Amino acid sequence: MRMRRGAPDFIMFLTVLMLLSIGLVMVFSASAYFAGDPEGPFRDPFHFFKRQLFGAALGIGVMLFMMNYDYHRLKRWVGLMLVAAFIMLLLVLIPGIGMAVLGARRWIDLGFISFQPSELVKIFIITFTAYGLAQKKERIQNLSAGLMPFLIITGLASLLILLQPDLGTAATLCGTIFIMLFAAGARGGHLTGLAGLGVAAVAAAIYFEPYRMSRFTAFLDPEADPTGAGWNILNALMSLASGGLVGMGLGQGRHSKFLFLPERHTDFIFAAIGEELGFIGGCLVILLFILLVWRGFRVAITCSDTFGSLLAAGLVSGIALQAFVNIGVVTGSLPVTGITLPFVSFGSTSLIFSLMGVGIILNISRYTSRK
């Protein structure tokens with residue numbers, strides 16, 4: 001029996017809006033200088049801000065829709081979601097359909113917006129996994145009948161994402177499904193074996209791809225190649241260091257303005273935050289993510305049914321892992337990989353589907369226990 005629907009989690013809703021507001025301000029601050037270059041390709045300092053604002057407006061609409069769309073009804077779409085996920089992952093690899101940017105084929109150009117299928121695929125795979133795990137119940141402790149179907153689906157999806165190539169998103173998806181398996185009650189021995197297999201797979205993906213290997217080498221010693229593979233890490237760290245405690249001031253970041261910091265409005269926007277808003281500003285962003293994750297897992301724990309509980313756990317885990325990887329890269333704690341900071345980095349697709357995921361969690365929160 002379903003509980004009577006109540007109000008959504010207001011604290012989570014407010015936290016997401018705060019992160020979204022910080023992202024809009026920082027995208028403009030980090031991109032206005034080079035976007036407004038009269039000899040550049042855009043010649044409009046508001047170019048990236050307007051696109052981010054459009055994505056935010058569309059994303060908020062999607063979030064509000066999903067917040068009022070009964071998540072129980074998602075069960076009827078899981079089969080179609082799974083088929084659509086693999087079709088999109090295959091289409092993006094086809095020349096002429098998939099759009100290549102900086103050597104990566106991750107986008108499909110829809111004209112008014114560039115669509116990154118892997119962002120929607122993550123939600124589809126998480127929903128399918130939550131539904132399947134809820135159906136299996138105690139059978140999840142059986143490797144062949146319980147875990148194997150989800151491992152095959154996740155493995156195939158991750159392999160197609162790796163072909164784009166996008167190791168960061170593939171690893172985040174695998175980590176999310178791992179957490180869902182743990183939450184569903186999978187055996188510790190099986191999870192330990194999966195963790196070891198996952199580490200080995202990531203190591204192999206790094207070792208057999210020269211550019212990934214150079215990034216890993218730069219992670220170990222960025223000063224060995226300061227103008228090459230170590231450039232991103234060193235400039236990100238210098239941006240963070242130059243911000244000090246309170247930052248240089250909004251719009252005053254030198255590494256961003258003088259174009260030393262690469263991808264300053266996307267993958268490395270946290271470095272721009274540290275430079276302009278300082279240690280305090282960076283900690284504020286981290287605390288907001290911690291608050292968001294806490295409220296998300298609270299929804300998962302207090303949900304009235306297994307499907308909603310696992311779905312909320314999977315969606316909030318995906319956001320948490322993505323934020324962890326992005327901030328880890330910027331602070332030099334992890335090797336460089338191209339993954340955005342949810343709600344903050346420039347990127348309409350990531351923004352829209354991150355807000356979509358939050359909308360689903362907010363809908364689940366309407367069916368949780370108030371005790």
# chains A, B, ... in the order shown; residues from 1 in each chain; ligands from 1
$ closest_atom_pairs --of "region 263-349 of chain A" --to "region 47-56 of chain A" --cutoff "8 Å" --atoms "only C-alpha atoms" --output "JSON lines"
{"residue": "A:Phe346", "atom": "CA", "partner": "A:Gln52", "partner_atom": "CA", "distance": 6.2}
{"residue": "A:Gly347", "atom": "CA", "partner": "A:Gln52", "partner_atom": "CA", "distance": 6.8}
{"residue": "A:Ser348", "atom": "CA", "partner": "A:Gly55", "partner_atom": "CA", "distance": 4.6}
{"residue": "A:Thr349", "atom": "CA", "partner": "A:Gly55", "partner_atom": "CA", "distance": 7.4}
$ residues_around --residues "Ser21 (chain A)" --least-positions-apart "4" --cutoff "9 Å" --atoms "only C-alpha atoms" --output "list in words"
Val16, Leu17, Val25, Met26, Phe343 and Val344 of chain A
$ write_last_selection --atoms "N, CA, C and O atoms" --output "PDB file, in the first residue's frame"
ATOM      1  N   VAL A  16      19.551  22.508  -3.905  1.00  0.00           N
ATOM      2  CA  VAL A  16      19.791  22.427  -5.351  1.00  0.00           C
ATOM      3  C   VAL A  16      19.702  23.806  -5.990  1.00  0.00           C
ATOM      4  O   VAL A  16      20.521  24.167  -6.846  1.00  0.00           O
ATOM      5  N   LEU A  17      18.730  24.608  -5.573  1.00  0.00           N
ATOM      6  CA  LEU A  17      18.608  25.963  -6.123  1.00  0.00           C
ATOM      7  C   LEU A  17      19.823  26.818  -5.764  1.00  0.00           C
ATOM      8  O   LEU A  17      20.274  27.643  -6.580  1.00  0.00           O
ATOM      9  N   VAL A  25      26.289  32.096 -11.634  1.00  0.00           N
ATOM     10  CA  VAL A  25      27.188  33.223 -11.397  1.00  0.00           C
ATOM     11  C   VAL A  25      28.611  32.879 -11.806  1.00  0.00           C
ATOM     12  O   VAL A  25      29.294  33.670 -12.488  1.00  0.00           O
ATOM     13  N   MET A  26      29.081  31.682 -11.443  1.00  0.00           N
ATOM     14  CA  MET A  26      30.461  31.319 -11.727  1.00  0.00           C
ATOM     15  C   MET A  26      30.690  31.003 -13.207  1.00  0.00           C
ATOM     16  O   MET A  26      31.774  31.247 -13.730  1.00  0.00           O
ATOM     17  N   PHE A 343      25.204  20.676 -11.368  1.00  0.00           N
ATOM     18  CA  PHE A 343      24.480  21.915 -11.096  1.00  0.00           C
ATOM     19  C   PHE A 343      25.353  23.166 -11.203  1.00  0.00           C
ATOM     20  O   PHE A 343      24.819  24.276 -11.197  1.00  0.00           O
ATOM     21  N   VAL A 344      26.671  23.020 -11.276  1.00  0.00           N
ATOM     22  CA  VAL A 344      27.567  24.173 -11.225  1.00  0.00           C
ATOM     23  C   VAL A 344      28.287  24.377 -12.552  1.00  0.00           C
ATOM     24  O   VAL A 344      28.325  25.491 -13.086  1.00  0.00           O
TER      25      VAL A 344
END
$ residues_around --residues "Gly79 (chain A)" --least-positions-apart "2" --cutoff "12 Å" --atoms "only C-alpha atoms" --output "ChimeraX atom specification"
/A:74-77,81-86,124-125,127-129,131-132
$ closest_residue --among "A:Cys303, A:Met148, A:Met99, A:Cys283" --to "Arg366 (chain A)" --atoms "only C-alpha atoms"
A:Cys303
$ residues_around --residues "Ile327 (chain A)" --least-positions-apart "2" --cutoff "10 Å" --atoms "only C-alpha atoms" --output "MDAnalysis selection string"
chainID A and resid 267:271 282 286 321:325 329:334 339:341
$ residues_around --residues "region 207-212 of chain A" --least-positions-apart "4" --cutoff "9 Å" --atoms "only C-alpha atoms" --output "MDAnalysis selection string"
chainID A and resid 202:203 216:217 229 335:337
$ write_last_selection --atoms "all heavy atoms" --output "PDB file, in the first residue's frame"
ATOM      1  N   VAL A 202      39.623  -0.442 -14.439  1.00  0.00           N
ATOM      2  CA  VAL A 202      40.050   0.958 -14.553  1.00  0.00           C
ATOM      3  C   VAL A 202      41.548   1.046 -14.816  1.00  0.00           C
ATOM      4  O   VAL A 202      42.011   1.827 -15.654  1.00  0.00           O
ATOM      5  CB  VAL A 202      39.678   1.739 -13.275  1.00  0.00           C
ATOM      6  CG1 VAL A 202      40.327   3.129 -13.290  1.00  0.00           C
ATOM      7  CG2 VAL A 202      38.170   1.858 -13.151  1.00  0.00           C
ATOM      8  N   ALA A 203      42.318   0.206 -14.126  1.00  0.00           N
ATOM      9  CA  ALA A 203      43.769   0.185 -14.331  1.00  0.00           C
ATOM     10  C   ALA A 203      44.112  -0.207 -15.762  1.00  0.00           C
ATOM     11  O   ALA A 203      45.009   0.384 -16.387  1.00  0.00           O
ATOM     12  CB  ALA A 203      44.416  -0.776 -13.344  1.00  0.00           C
ATOM     13  N   PHE A 216      47.738   9.902 -15.825  1.00  0.00           N
ATOM     14  CA  PHE A 216      48.015   9.252 -14.553  1.00  0.00           C
ATOM     15  C   PHE A 216      49.446   9.566 -14.102  1.00  0.00           C
ATOM     16  O   PHE A 216      49.693   9.807 -12.917  1.00  0.00           O
ATOM     17  CB  PHE A 216      47.825   7.744 -14.686  1.00  0.00           C
ATOM     18  CG  PHE A 216      48.013   6.993 -13.399  1.00  0.00           C
ATOM     19  CD1 PHE A 216      47.041   7.042 -12.410  1.00  0.00           C
ATOM     20  CD2 PHE A 216      49.166   6.254 -13.172  1.00  0.00           C
ATOM     21  CE1 PHE A 216      47.208   6.356 -11.205  1.00  0.00           C
ATOM     22  CE2 PHE A 216      49.339   5.569 -11.979  1.00  0.00           C
ATOM     23  CZ  PHE A 216      48.356   5.628 -11.000  1.00  0.00           C
ATOM     24  N   THR A 217      50.372   9.570 -15.039  1.00  0.00           N
ATOM     25  CA  THR A 217      51.760   9.919 -14.716  1.00  0.00           C
ATOM     26  C   THR A 217      51.848  11.355 -14.210  1.00  0.00           C
ATOM     27  O   THR A 217      52.574  11.655 -13.256  1.00  0.00           O
ATOM     28  CB  THR A 217      52.651   9.734 -15.947  1.00  0.00           C
ATOM     29  OG1 THR A 217      52.540   8.392 -16.418  1.00  0.00           O
ATOM     30  CG2 THR A 217      54.107  10.017 -15.610  1.00  0.00           C
ATOM     31  N   ALA A 229      51.245  17.325 -19.886  1.00  0.00           N
ATOM     32  CA  ALA A 229      50.215  16.574 -19.163  1.00  0.00           C
ATOM     33  C   ALA A 229      49.943  17.154 -17.776  1.00  0.00           C
ATOM     34  O   ALA A 229      48.841  16.990 -17.243  1.00  0.00           O
ATOM     35  CB  ALA A 229      50.634  15.110 -19.045  1.00  0.00           C
ATOM     36  N   PRO A 335      43.405  11.520 -10.810  1.00  0.00           N
ATOM     37  CA  PRO A 335      43.892  11.851 -12.156  1.00  0.00           C
ATOM     38  C   PRO A 335      42.845  12.621 -12.942  1.00  0.00           C
ATOM     39  O   PRO A 335      41.637  12.473 -12.717  1.00  0.00           O
ATOM     40  CB  PRO A 335      44.157  10.472 -12.777  1.00  0.00           C
ATOM     41  CG  PRO A 335      44.291   9.538 -11.628  1.00  0.00           C
ATOM     42  CD  PRO A 335      43.398  10.069 -10.560  1.00  0.00           C
ATOM     43  N   VAL A 336      43.296  13.435 -13.877  1.00  0.00           N
ATOM     44  CA  VAL A 336      42.394  14.272 -14.678  1.00  0.00           C
ATOM     45  C   VAL A 336      41.482  13.404 -15.526  1.00  0.00           C
ATOM     46  O   VAL A 336      41.917  12.480 -16.215  1.00  0.00           O
ATOM     47  CB  VAL A 336      43.204  15.223 -15.583  1.00  0.00           C
ATOM     48  CG1 VAL A 336      42.274  15.956 -16.549  1.00  0.00           C
ATOM     49  CG2 VAL A 336      43.985  16.215 -14.741  1.00  0.00           C
ATOM     50  N   THR A 337      40.191  13.687 -15.454  1.00  0.00           N
ATOM     51  CA  THR A 337      39.195  13.056 -16.318  1.00  0.00           C
ATOM     52  C   THR A 337      38.095  14.071 -16.569  1.00  0.00           C
ATOM     53  O   THR A 337      37.802  14.912 -15.719  1.00  0.00           O
ATOM     54  CB  THR A 337      38.612  11.774 -15.681  1.00  0.00           C
ATOM     55  OG1 THR A 337      37.706  11.158 -16.590  1.00  0.00           O
ATOM     56  CG2 THR A 337      37.903  12.065 -14.373  1.00  0.00           C
TER      57      THR A 337
END
$ closest_atom_pairs --of "region 74-146 of chain A" --to "region 158-162 of chain A" --cutoff "9 Å" --atoms "only C-alpha atoms" --output "CSV"
residue,atom,partner,partner_atom,distance
A:Phe86,CA,A:Leu160,CA,8.4
A:Leu89,CA,A:Leu160,CA,6.2
A:Leu90,CA,A:Leu160,CA,7.3
A:Leu93,CA,A:Leu160,CA,8.5
A:Arg106,CA,A:Ile161,CA,8.2
A:Ser118,CA,A:Ile161,CA,7.0
